[in-house]
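Q: So here's entry_30.txt (compact mmCIF, C-alpha atoms).
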```txt
# COMPACT_ATOMS: atom_id res chain seq x y z
CA MET A 1 152.74 296.99 84.90
CA ILE A 2 153.92 294.57 87.57
CA ASP A 3 156.75 292.06 87.22
CA LEU A 4 156.15 288.91 89.30
CA TYR A 5 159.25 286.89 90.15
CA THR A 6 157.91 283.51 91.18
CA HIS A 7 157.91 279.75 90.98
CA ASN A 8 155.20 277.14 91.45
CA THR A 9 155.13 277.20 95.24
CA PRO A 10 152.38 277.96 97.78
CA ASN A 11 153.75 281.44 98.40
CA GLY A 12 154.15 282.12 94.71
CA HIS A 13 150.60 281.05 93.98
CA LYS A 14 149.30 283.44 96.64
CA ILE A 15 150.47 286.37 94.53
CA SER A 16 149.33 285.10 91.14
CA ILE A 17 145.88 284.44 92.65
CA CYS A 18 145.77 287.95 94.10
CA LEU A 19 146.86 289.56 90.82
CA GLU A 20 144.14 287.63 89.00
CA GLU A 21 141.52 288.61 91.59
CA LEU A 22 142.46 292.28 91.26
CA ASN A 23 142.68 292.18 87.44
CA LEU A 24 146.14 293.74 87.54
CA PRO A 25 148.35 293.32 84.46
CA TYR A 26 151.56 291.48 85.22
CA THR A 27 154.52 289.79 83.60
CA VAL A 28 155.84 286.51 84.99
CA LYS A 29 159.57 286.13 85.62
CA VAL A 30 160.25 282.50 86.54
CA VAL A 31 162.88 281.93 89.22
CA ASP A 32 163.66 278.21 89.31
CA VAL A 33 164.23 277.68 93.02
CA ARG A 34 164.90 273.97 92.48
CA GLN A 35 167.92 274.97 90.39
CA GLY A 36 169.08 277.60 92.88
CA GLU A 37 168.33 280.64 90.72
CA GLN A 38 167.15 282.55 93.82
CA PHE A 39 170.78 282.77 94.95
CA LYS A 40 171.97 284.64 91.88
CA ASP A 41 173.18 288.19 92.48
CA GLU A 42 170.49 289.75 90.33
CA PHE A 43 167.74 288.13 92.39
CA LEU A 44 169.44 288.84 95.72
CA ALA A 45 169.36 292.50 94.73
CA LEU A 46 165.54 292.21 94.81
CA ASN A 47 165.27 290.03 97.92
CA PRO A 48 168.34 289.60 100.15
CA ASN A 49 166.60 286.60 101.75
CA ALA A 50 166.65 284.66 98.45
CA LYS A 51 162.97 283.73 98.49
CA VAL A 52 160.20 283.98 95.92
CA PRO A 53 157.89 285.74 95.30
CA VAL A 54 158.99 289.30 94.62
CA ILE A 55 157.15 292.00 92.68
CA ILE A 56 158.31 295.18 91.00
CA ASP A 57 155.55 297.72 90.48
CA HIS A 58 156.84 299.74 87.54
CA ASP A 59 154.04 302.29 87.98
CA ILE A 60 155.93 303.78 90.91
CA GLY A 61 159.21 301.87 90.91
CA GLN A 62 158.42 299.90 94.07
CA THR A 63 159.94 296.48 94.82
CA VAL A 64 158.27 294.30 97.47
CA PHE A 65 159.30 290.91 98.83
CA GLU A 66 157.67 288.60 101.44
CA SER A 67 154.41 287.14 100.16
CA CYS A 68 152.07 288.59 102.80
CA ALA A 69 153.66 292.03 102.43
CA ILE A 70 153.05 291.75 98.67
CA LEU A 71 149.41 290.79 99.26
CA LEU A 72 148.92 293.81 101.50
CA TYR A 73 150.65 296.08 98.98
CA LEU A 74 148.48 294.89 96.09
CA ALA A 75 145.24 295.11 98.06
CA ASP A 76 146.03 298.65 99.15
CA LYS A 77 147.10 299.63 95.64
CA VAL A 78 143.68 298.73 94.23
CA GLY A 79 141.57 299.33 97.33
CA ARG A 80 140.07 295.82 97.33
CA LEU A 81 140.37 292.55 99.26
CA MET A 82 141.42 294.27 102.47
CA PRO A 83 139.55 296.56 104.90
CA SER A 84 140.86 300.09 104.62
CA SER A 85 140.73 301.12 108.28
CA GLY A 86 139.49 300.46 111.78
CA LYS A 87 138.92 297.24 113.69
CA ALA A 88 138.22 295.21 110.55
CA ARG A 89 141.65 296.09 109.11
CA TRP A 90 143.47 295.14 112.28
CA GLU A 91 141.55 291.89 112.52
CA ALA A 92 142.63 291.06 108.96
CA ILE A 93 146.25 292.04 109.67
CA GLN A 94 146.32 289.74 112.70
CA TRP A 95 145.19 286.75 110.63
CA LEU A 96 147.60 287.66 107.84
CA PHE A 97 150.47 287.56 110.34
CA PHE A 98 149.11 284.27 111.73
CA GLN A 99 149.52 282.73 108.29
CA ALA A 100 153.01 284.14 107.81
CA ALA A 101 154.26 283.20 111.27
CA SER A 102 152.54 279.86 111.81
CA ILE A 103 150.68 278.23 108.93
CA GLY A 104 153.39 278.56 106.29
CA PRO A 105 156.43 277.66 108.42
CA MET A 106 154.81 274.74 110.25
CA LEU A 107 153.19 273.18 107.18
CA GLY A 108 156.43 273.61 105.30
CA GLN A 109 158.45 271.86 108.00
CA ARG A 110 155.91 269.02 108.24
CA ALA A 111 156.07 268.45 104.48
CA HIS A 112 159.87 268.54 104.53
CA PHE A 113 160.30 265.96 107.29
CA ALA A 114 157.35 263.74 106.34
CA LEU A 115 157.71 263.72 102.56
CA VAL A 116 160.87 265.32 101.23
CA THR A 117 163.86 264.25 103.28
CA SER A 118 165.20 260.74 102.77
CA GLU A 119 166.08 260.46 106.47
CA LYS A 120 162.85 260.00 108.43
CA ILE A 121 163.13 261.50 111.92
CA PRO A 122 160.12 260.38 114.00
CA TYR A 123 160.47 263.18 116.55
CA ALA A 124 160.43 265.88 113.85
CA ILE A 125 157.50 264.31 112.00
CA GLU A 126 155.50 264.00 115.22
CA ARG A 127 156.36 267.53 116.35
CA TYR A 128 155.32 269.24 113.14
CA THR A 129 152.28 267.03 112.59
CA LYS A 130 150.94 267.85 116.06
CA GLU A 131 151.55 271.57 115.60
CA THR A 132 149.98 271.57 112.14
CA ASN A 133 146.87 269.84 113.47
CA ARG A 134 146.69 272.37 116.30
CA LEU A 135 146.82 275.20 113.75
CA TYR A 136 144.15 273.51 111.64
CA GLY A 137 142.04 273.48 114.78
CA VAL A 138 142.45 277.24 115.13
CA LEU A 139 141.14 277.73 111.59
CA GLU A 140 138.43 275.10 112.05
CA ARG A 141 137.01 276.99 115.04
CA ARG A 142 137.36 280.32 113.26
CA LEU A 143 135.39 279.02 110.27
CA LYS A 144 132.52 277.63 112.33
CA GLU A 145 129.39 279.35 110.98
CA ARG A 146 131.66 281.72 109.03
CA GLU A 147 132.14 281.78 105.27
CA TYR A 148 135.58 283.41 105.27
CA ILE A 149 138.36 283.89 107.81
CA CYS A 150 137.35 287.55 108.18
CA ASP A 151 133.98 289.14 107.40
CA GLU A 152 134.53 289.12 103.63
CA TYR A 153 136.73 287.28 101.16
CA SER A 154 140.14 288.93 101.36
CA ILE A 155 143.88 288.51 101.02
CA VAL A 156 143.68 286.68 104.35
CA ASP A 157 141.84 283.84 102.65
CA ILE A 158 144.25 283.91 99.70
CA ALA A 159 147.25 283.72 102.03
CA HIS A 160 145.93 280.68 103.89
CA TRP A 161 144.36 278.93 100.93
CA GLY A 162 147.60 278.35 99.04
CA TRP A 163 149.04 276.36 101.93
CA ILE A 164 145.89 274.34 102.64
CA TYR A 165 145.59 273.55 98.93
CA THR A 166 149.20 272.35 98.85
CA ALA A 167 148.77 270.19 101.94
CA LYS A 168 145.63 268.64 100.46
CA ARG A 169 147.46 267.91 97.19
CA MET A 170 150.24 266.25 99.19
CA GLY A 171 147.74 263.83 100.68
CA PHE A 172 147.63 265.04 104.27
CA SER A 173 144.35 264.24 106.05
CA PHE A 174 141.69 266.83 106.84
CA ASP A 175 139.07 264.39 108.13
CA GLU A 176 138.86 266.16 111.49
CA PHE A 177 138.42 269.61 109.94
CA PRO A 178 135.21 269.78 107.89
CA ASN A 179 134.81 273.56 108.19
CA LEU A 180 138.33 274.09 106.88
CA ILE A 181 137.77 271.82 103.90
CA ALA A 182 134.39 273.39 103.09
CA TRP A 183 136.13 276.78 103.06
CA HIS A 184 138.93 275.41 100.86
CA ASP A 185 136.53 273.84 98.38
CA GLN A 186 134.42 276.97 98.08
CA ILE A 187 137.42 279.19 97.34
CA ALA A 188 138.75 276.65 94.83
CA THR A 189 135.76 277.40 92.59
CA ARG A 190 136.75 281.03 92.08
CA PRO A 191 138.03 281.63 88.50
CA ALA A 192 140.94 283.76 89.67
CA VAL A 193 142.05 281.01 92.04
CA ALA A 194 141.83 278.35 89.33
CA LYS A 195 143.95 280.55 87.05
CA GLY A 196 146.39 281.67 89.73
CA ILE A 197 147.48 278.14 90.67
CA THR A 198 148.69 277.59 87.10
CA VAL A 199 151.13 280.56 87.22
CA PRO A 200 153.89 279.95 86.35
CA ALA A 201 152.91 276.26 86.54
CA PRO A 202 150.77 273.94 88.68
CA LEU A 203 152.28 272.42 91.80
CA PRO A 204 154.58 269.47 91.13
CA MET A 205 153.08 266.13 92.02
```
Would you put the structure from the file into structure tokens?

A:
Amino acid sequence: MIDLYTHNTPNGHKISICLEELNLPYTVKVVDVRQGEQFKDEFLALNPNAKVPVIIDHDIGQTVFESCAILLYLADKVGRLMPSSGKARWEAIQWLFFQAASIGPMLGQRAHFALVTSEKIPYAIERYTKETNRLYGVLERRLKEREYICDEYSIVDIAHWGWIYTAKRMGFSFDEFPNLIAWHDQIATRPAVAKGITVPAPLPM
């Protein structure tokens, strides 16, 4: 059994989608990040960086934090949604790191400065909007005549999809990126994805 410590965030939804795709039994432990529960000592013992999600795999007593590390752990545990070796695995790992290092941080900063903070800083909004659009362009070119980011549907798609889904829900424009939106819309039809984005709750409006 797996315990999933999470909240309704893009990174949290990555893991609930993956657990649903892999048909792994799990128990949800809600960590209300909007109330600061991630800073409690009992959670910091699981993740010193005070971020959700975290899993505990009670089958072997393994705790894993960082969402992309959790995705890789789960895929390897079951032997699905990730190439097992060779060039295909390293290609997938590269794109997984691309999401962790670029897509998540840049989209998160754009949303913060454009939508969340009461003080609107034009330089910050412009900076993160330009960088986000550049990153969308990387994915748009990658998805030209390609169904998934790598050869087959994988944790790479799951990792990216949660952030694109969130940006779309926030009302950011994707008019210049038809390949990216076609990819998003196709993945949205998967039953595990539809279920995963409700755990522990849908995104706040």

Q: Contacts of His58 of chain A at 9 Å or less, counting only C-alpha atoms, minus same-chain residues fewer than 3 places along, as a VMD selection string?

A: chain A and resid 1 to 3 61 to 63

Q: Do you know which residues are at most 12 Å from Ala45 of chain A counting all atoms listed in the file, after dropping those on the same chain fewer than 4 positions away, and could you put them as a PDB file with C-alpha atoms, in the frame of the given file?

A:
```pdb
ATOM      1  CA  GLN A  38     167.150 282.550  93.820  1.00  0.00           C
ATOM      2  CA  PHE A  39     170.780 282.770  94.950  1.00  0.00           C
ATOM      3  CA  LYS A  40     171.970 284.640  91.880  1.00  0.00           C
ATOM      4  CA  ASP A  41     173.180 288.190  92.480  1.00  0.00           C
ATOM      5  CA  ASN A  49     166.600 286.600 101.750  1.00  0.00           C
ATOM      6  CA  ALA A  50     166.650 284.660  98.450  1.00  0.00           C
ATOM      7  CA  LYS A  51     162.970 283.730  98.490  1.00  0.00           C
ATOM      8  CA  VAL A  54     158.990 289.300  94.620  1.00  0.00           C
ATOM      9  CA  ILE A  56     158.310 295.180  91.000  1.00  0.00           C
ATOM     10  CA  THR A  63     159.940 296.480  94.820  1.00  0.00           C
ATOM     11  CA  VAL A  64     158.270 294.300  97.470  1.00  0.00           C
ATOM     12  CA  PHE A  65     159.300 290.910  98.830  1.00  0.00           C
TER      13      PHE A  65
END
```

Q: For each of A:Arg141, A:Arg146, A:Lys87, A:Arg190, take the minimum atom-to-atom distance to Glu176 of chain A, counting all atoms listed in the file, then give the residue where this is smallest.

A: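 The shortest atom-to-atom distance to Glu176 of chain A comes from A:Arg141.
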
Q: Can you pull out every residue within 9 Å of Ala88 of chain A, counting only C-alpha atoms, but drop anything in the same chain fewer than 5 positions away, and send it as number ranges by chain?

A: A: 82-83, 93, 150-151

Q: Expressed in Å to a single decimal, how great is the separation between atom CA of His184 of chain A and atom CA of Gly137 of chain A?

A: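 For atom CA of His184 of chain A relative to atom CA of Gly137 of chain A, the distance reads 14.4 Å.
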
Q: Please rebuild segment 190-204 of chain A with N, CA and C atoms and give the result as a JSON list (two decimals), in the coordinates of the input.

A:
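Here's the written file out.json:
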```json
[["chain", "number", "residue", "atom", "x", "y", "z"],
["A", 190, "ARG", "N", 136.61, 279.68, 92.61],
["A", 190, "ARG", "CA", 136.75, 281.03, 92.08],
["A", 190, "ARG", "C", 137.64, 281.00, 90.83],
["A", 191, "PRO", "N", 137.22, 281.64, 89.74],
["A", 191, "PRO", "CA", 138.03, 281.63, 88.50],
["A", 191, "PRO", "C", 139.44, 282.15, 88.68],
["A", 192, "ALA", "N", 139.60, 283.20, 89.47],
["A", 192, "ALA", "CA", 140.94, 283.76, 89.67],
["A", 192, "ALA", "C", 141.84, 282.79, 90.41],
["A", 193, "VAL", "N", 141.27, 282.01, 91.31],
["A", 193, "VAL", "CA", 142.05, 281.01, 92.04],
["A", 193, "VAL", "C", 142.47, 279.89, 91.10],
["A", 194, "ALA", "N", 141.51, 279.41, 90.29],
["A", 194, "ALA", "CA", 141.83, 278.35, 89.33],
["A", 194, "ALA", "C", 142.92, 278.78, 88.36],
["A", 195, "LYS", "N", 142.91, 280.04, 87.95],
["A", 195, "LYS", "CA", 143.95, 280.55, 87.05],
["A", 195, "LYS", "C", 145.26, 280.76, 87.81],
["A", 196, "GLY", "N", 145.18, 281.32, 88.99],
["A", 196, "GLY", "CA", 146.39, 281.67, 89.73],
["A", 196, "GLY", "C", 147.27, 280.48, 90.05],
["A", 197, "ILE", "N", 146.67, 279.31, 90.30],
["A", 197, "ILE", "CA", 147.48, 278.14, 90.67],
["A", 197, "ILE", "C", 148.14, 277.49, 89.45],
["A", 198, "THR", "N", 147.97, 278.08, 88.28],
["A", 198, "THR", "CA", 148.69, 277.59, 87.10],
["A", 198, "THR", "C", 149.86, 278.50, 86.73],
["A", 199, "VAL", "N", 150.10, 279.56, 87.53],
["A", 199, "VAL", "CA", 151.13, 280.56, 87.22],
["A", 199, "VAL", "C", 152.29, 280.42, 88.20],
["A", 200, "PRO", "N", 153.51, 280.18, 87.74],
["A", 200, "PRO", "CA", 153.89, 279.95, 86.35],
["A", 200, "PRO", "C", 153.63, 278.52, 85.90],
["A", 201, "ALA", "N", 153.23, 277.65, 86.86],
["A", 201, "ALA", "CA", 152.91, 276.26, 86.54],
["A", 201, "ALA", "C", 152.16, 275.69, 87.73],
["A", 202, "PRO", "N", 151.40, 274.61, 87.54],
["A", 202, "PRO", "CA", 150.77, 273.94, 88.68],
["A", 202, "PRO", "C", 151.82, 273.38, 89.64],
["A", 203, "LEU", "N", 151.38, 273.05, 90.84],
["A", 203, "LEU", "CA", 152.28, 272.42, 91.80],
["A", 203, "LEU", "C", 152.82, 271.11, 91.24],
["A", 204, "PRO", "N", 154.08, 270.79, 91.53],
["A", 204, "PRO", "CA", 154.58, 269.47, 91.13],
["A", 204, "PRO", "C", 153.89, 268.39, 91.92]]
```
